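Printed here is target_32.txt (compact mmCIF, C-alpha atoms):
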# COMPACT_ATOMS: atom_id res chain seq x y z
CA MET A 1 -13.87 26.17 31.05
CA PHE A 2 -17.05 24.44 32.18
CA CYS A 3 -19.19 21.82 30.42
CA THR A 4 -22.38 23.29 28.98
CA ASN A 5 -24.26 20.04 29.71
CA CYS A 6 -23.23 18.88 33.20
CA GLY A 7 -21.32 21.92 34.50
CA SER A 8 -18.09 20.04 35.30
CA GLN A 9 -14.85 21.97 35.22
CA LEU A 10 -12.80 21.05 32.12
CA ASP A 11 -9.34 21.66 30.79
CA ASP A 12 -9.31 24.58 28.36
CA ARG A 13 -8.12 22.23 25.60
CA ALA A 14 -10.80 19.58 26.20
CA VAL A 15 -12.70 18.47 23.12
CA ILE A 16 -15.24 16.22 24.86
CA CYS A 17 -16.41 16.30 28.47
CA PRO A 18 -14.99 13.22 30.24
CA HIS A 19 -17.99 13.16 32.60
CA CYS A 20 -20.94 13.22 30.24
CA GLY A 21 -19.39 12.83 26.76
CA VAL A 22 -20.87 15.98 25.23
CA PRO A 23 -18.61 17.84 22.76
CA THR A 24 -17.26 21.19 23.93
CA ASN A 25 -16.79 24.32 21.84
CA ASN A 26 -13.25 23.10 21.03
CA TYR A 27 -14.75 20.16 19.19
CA TYR A 28 -15.97 22.38 16.39
CA ARG A 29 -12.88 24.61 16.11
CA PRO A 30 -10.34 23.91 13.38
CA VAL A 31 -7.00 22.58 14.58
CA GLN A 32 -4.44 25.34 15.01
CA PRO A 33 -0.96 24.70 13.58
CA ALA A 34 1.88 24.41 16.05
CA GLN A 35 3.57 27.69 16.93
CA GLN A 36 6.76 28.64 15.14
CA PRO A 37 9.92 28.29 17.25
CA ALA A 38 11.54 31.52 18.40
CA GLN A 39 13.90 33.22 15.93
CA PRO A 40 17.62 32.94 16.74
CA ALA A 41 19.44 35.97 18.07
CA GLU A 42 21.00 38.45 15.65
CA GLY A 43 24.37 37.41 14.29
CA PHE A 44 23.37 33.78 14.41
CA ASN A 45 21.98 33.34 10.93
CA GLN A 46 23.27 29.89 10.14
CA GLN A 47 20.68 27.68 8.61
CA MET A 48 20.72 23.95 9.01
CA PRO A 49 20.89 22.17 5.66
CA ALA A 50 17.81 20.18 4.80
CA PRO A 51 18.38 16.45 5.13
CA ALA A 52 18.90 14.81 1.79
CA GLN A 53 16.01 12.56 0.96
CA GLN A 54 17.04 9.35 -0.65
CA PRO A 55 14.65 7.75 -3.07
CA ALA A 56 13.06 4.63 -1.71
CA GLN A 57 14.76 1.64 -3.22
CA SER A 58 12.36 -1.19 -3.74
CA LYS A 59 13.66 -4.67 -3.18
CA PRO A 60 13.04 -7.13 -6.02
CA VAL A 61 10.17 -9.51 -5.37
CA ASN A 62 10.72 -13.23 -5.80
CA ALA A 63 7.32 -14.22 -7.18
CA PHE A 64 8.29 -17.89 -7.57
CA ALA A 65 9.03 -18.15 -3.85
CA ILE A 66 5.71 -16.51 -2.94
CA VAL A 67 3.70 -18.73 -5.30
CA GLY A 68 5.59 -21.79 -4.05
CA LEU A 69 4.71 -20.97 -0.45
CA VAL A 70 1.05 -20.30 -1.25
CA LEU A 71 0.74 -23.53 -3.23
CA GLY A 72 2.59 -25.44 -0.51
CA ILE A 73 0.19 -24.23 2.16
CA SER A 74 -2.80 -24.87 -0.11
CA GLY A 75 -1.37 -28.29 -0.89
CA ILE A 76 -1.44 -29.28 2.77
CA TRP A 77 -5.16 -28.48 2.96
CA LEU A 78 -5.94 -30.10 -0.38
CA SER A 79 -3.39 -32.91 -0.16
CA VAL A 80 -5.85 -35.74 0.37
CA LEU A 81 -7.57 -35.15 -2.96
CA PHE A 82 -5.17 -33.07 -5.02
CA GLY A 83 -1.53 -34.00 -4.58
CA ILE A 84 -0.69 -32.11 -7.76
CA VAL A 85 -1.01 -28.76 -5.91
CA SER A 86 1.84 -29.73 -3.60
CA ILE A 87 3.93 -31.00 -6.51
CA ILE A 88 3.49 -27.71 -8.40
CA GLY A 89 4.27 -25.83 -5.17
CA LEU A 90 7.46 -27.86 -4.81
CA ILE A 91 8.53 -26.95 -8.35
CA PHE A 92 7.83 -23.24 -7.83
CA SER A 93 9.69 -23.31 -4.50
CA ILE A 94 12.77 -24.91 -6.07
CA VAL A 95 12.80 -22.29 -8.84
CA GLY A 96 12.24 -19.57 -6.22
CA LEU A 97 15.14 -20.85 -4.14
CA ASN A 98 17.41 -20.72 -7.20
CA LYS A 99 16.28 -17.18 -7.97
CA ALA A 100 16.71 -16.14 -4.33
CA ALA A 101 20.46 -16.53 -4.63
CA LYS A 102 20.55 -14.16 -7.62
CA MET A 103 17.95 -11.66 -6.37
CA ASN A 104 18.90 -11.74 -2.69
CA SER A 105 15.18 -11.92 -1.92
CA GLY A 106 12.67 -14.59 -0.94
CA ARG A 107 14.95 -17.30 0.41
CA GLY A 108 12.81 -17.86 3.51
CA LEU A 109 9.63 -17.94 1.48
CA ALA A 110 11.11 -20.51 -0.89
CA ILE A 111 12.26 -22.70 1.99
CA GLY A 112 8.80 -22.42 3.58
CA GLY A 113 7.29 -23.45 0.25
CA LEU A 114 9.62 -26.44 0.05
CA VAL A 115 8.74 -27.61 3.54
CA THR A 116 4.98 -27.18 3.17
CA SER A 117 4.98 -28.80 -0.28
CA ILE A 118 6.92 -31.82 0.99
CA ILE A 119 4.52 -32.15 3.92
CA GLY A 120 1.55 -31.99 1.52
CA ILE A 121 3.07 -34.64 -0.75
CA ALA A 122 3.78 -36.87 2.26
CA ILE A 123 0.19 -36.54 3.52
CA TRP A 124 -1.12 -37.30 0.02
CA ALA A 125 1.12 -40.37 -0.33
CA ILE A 126 0.28 -41.74 3.14
CA TYR A 127 -3.45 -41.23 2.64
CA TRP A 128 -3.60 -42.94 -0.74
CA ALA A 129 -1.28 -45.74 0.38
CA ALA A 130 -3.65 -46.41 3.28
CA VAL A 131 -6.65 -46.37 0.94
CA ILE A 132 -5.03 -48.80 -1.49
CA LEU A 133 -3.82 -51.13 1.28
CA SER A 134 -7.18 -51.15 3.03
CA ARG A 135 -8.94 -52.11 -0.21
CA ALA A 136 -6.34 -54.79 -0.91
CA THR A 137 -6.93 -56.49 2.43
CA VAL A 138 -10.69 -56.43 1.96
CA TYR A 139 -10.55 -58.23 -1.38
CA PHE A 140 -8.04 -60.90 -0.38

Exercise: express the given structure as structure tokens:
Amino acid sequence: MFCTNCGSQLDDRAVICPHCGVPTNNYYRPVQPAQQPAQPAEGFNQQMPAPAQQPAQSKPVNAFAIVGLVLGISGIWLSVLFGIVSIIGLIFSIVGLNKAAKMNSGRGLAIGGLVTSIIGIAIWAIYWAAVILSRATVYF
């Protein structure tokens, strides 16, 4: 097959000319389904059983662990002004960690929430301690 635009020789299955980028006649043809495999010889009529499809089992979601992690991460960013976000994240993470043992889901998320919440609380405490101490030295 040859390109109708530039005249380059193309593979018979080409959809677009690699030289000029113009679509070939194959571009507009519907896709043909794959050919059927050859039939087995006579006397060989065994059919393979279809694989049994198992229903997808969804794993339970530990929402407390997820919320704890989200609040913990948010608490790090908002820790200077709003330490309460990290405290609430810590509470949700503790509850999520307790539920993770029963649900067998979300243990890592809960631990991540604990760590990020503790970091947020520490940043909040250090910042406000520095603010209070700096004001105390100015007035004395």

Inset, instruction - Report the distance between atom CA of A:Lys99 and atom CA of A:Ala65 in Å, rounded to one decimal place. - result: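 Distance between the two atoms: 8.4 Å.
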
Compile the contact shell of A:Ala101 as a PDB file with C-alpha atoms, in the frame of the given file: residues with an atom at most 12 Å away, counting all atoms listed in the file, same-chain residues fewer than 5 positions apart removed.
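Contents of part12.pdb, freshly written:
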ATOM      1  CA  ASN A  62      10.720 -13.230  -5.800  1.00  0.00           C
ATOM      2  CA  ALA A  65       9.030 -18.150  -3.850  1.00  0.00           C
ATOM      3  CA  ILE A  94      12.770 -24.910  -6.070  1.00  0.00           C
ATOM      4  CA  VAL A  95      12.800 -22.290  -8.840  1.00  0.00           C
ATOM      5  CA  GLY A  96      12.240 -19.570  -6.220  1.00  0.00           C
ATOM      6  CA  GLY A 106      12.670 -14.590  -0.940  1.00  0.00           C
ATOM      7  CA  ARG A 107      14.950 -17.300   0.410  1.00  0.00           C
ATOM      8  CA  GLY A 108      12.810 -17.860   3.510  1.00  0.00           C
ATOM      9  CA  ALA A 110      11.110 -20.510  -0.890  1.00  0.00           C
TER      10      ALA A 110
END

Inset, instruction - Tell me, in Å to one decimal, how far atom CA of A:Ser93 is from atom CA of A:Val131. - result: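 Interatomic distance, atom CA of A:Ser93 to atom CA of A:Val131: 28.8 Å.
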
Give me the residues near A:Val85 as a PDB file with C-alpha atoms, in the coordinates of the input, where near means some atom within 12 Å (using only C-alpha atoms) and where sequence neighbours in that chain fewer than 5 positions away do not count.
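The resulting file, selection.pdb, is shown below:
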ATOM      1  CA  VAL A  67       3.700 -18.730  -5.300  1.00  0.00           C
ATOM      2  CA  GLY A  68       5.590 -21.790  -4.050  1.00  0.00           C
ATOM      3  CA  LEU A  69       4.710 -20.970  -0.450  1.00  0.00           C
ATOM      4  CA  VAL A  70       1.050 -20.300  -1.250  1.00  0.00           C
ATOM      5  CA  LEU A  71       0.740 -23.530  -3.230  1.00  0.00           C
ATOM      6  CA  GLY A  72       2.590 -25.440  -0.510  1.00  0.00           C
ATOM      7  CA  ILE A  73       0.190 -24.230   2.160  1.00  0.00           C
ATOM      8  CA  SER A  74      -2.800 -24.870  -0.110  1.00  0.00           C
ATOM      9  CA  GLY A  75      -1.370 -28.290  -0.890  1.00  0.00           C
ATOM     10  CA  ILE A  76      -1.440 -29.280   2.770  1.00  0.00           C
ATOM     11  CA  TRP A  77      -5.160 -28.480   2.960  1.00  0.00           C
ATOM     12  CA  LEU A  78      -5.940 -30.100  -0.380  1.00  0.00           C
ATOM     13  CA  SER A  79      -3.390 -32.910  -0.160  1.00  0.00           C
ATOM     14  CA  VAL A  80      -5.850 -35.740   0.370  1.00  0.00           C
ATOM     15  CA  LEU A  90       7.460 -27.860  -4.810  1.00  0.00           C
ATOM     16  CA  ILE A  91       8.530 -26.950  -8.350  1.00  0.00           C
ATOM     17  CA  PHE A  92       7.830 -23.240  -7.830  1.00  0.00           C
ATOM     18  CA  GLY A 113       7.290 -23.450   0.250  1.00  0.00           C
ATOM     19  CA  THR A 116       4.980 -27.180   3.170  1.00  0.00           C
ATOM     20  CA  SER A 117       4.980 -28.800  -0.280  1.00  0.00           C
ATOM     21  CA  ILE A 118       6.920 -31.820   0.990  1.00  0.00           C
ATOM     22  CA  ILE A 119       4.520 -32.150   3.920  1.00  0.00           C
ATOM     23  CA  GLY A 120       1.550 -31.990   1.520  1.00  0.00           C
ATOM     24  CA  ILE A 121       3.070 -34.640  -0.750  1.00  0.00           C
ATOM     25  CA  TRP A 124      -1.120 -37.300   0.020  1.00  0.00           C
TER      26      TRP A 124
END

Inset, instruction - Could you jot down the atom CA of A:Ile132 to atom CA of A:Ser86 separation for me, Å, one decimal place? - result: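 Computed distance, atom CA of A:Ile132 to atom CA of A:Ser86, equals 20.4 Å.
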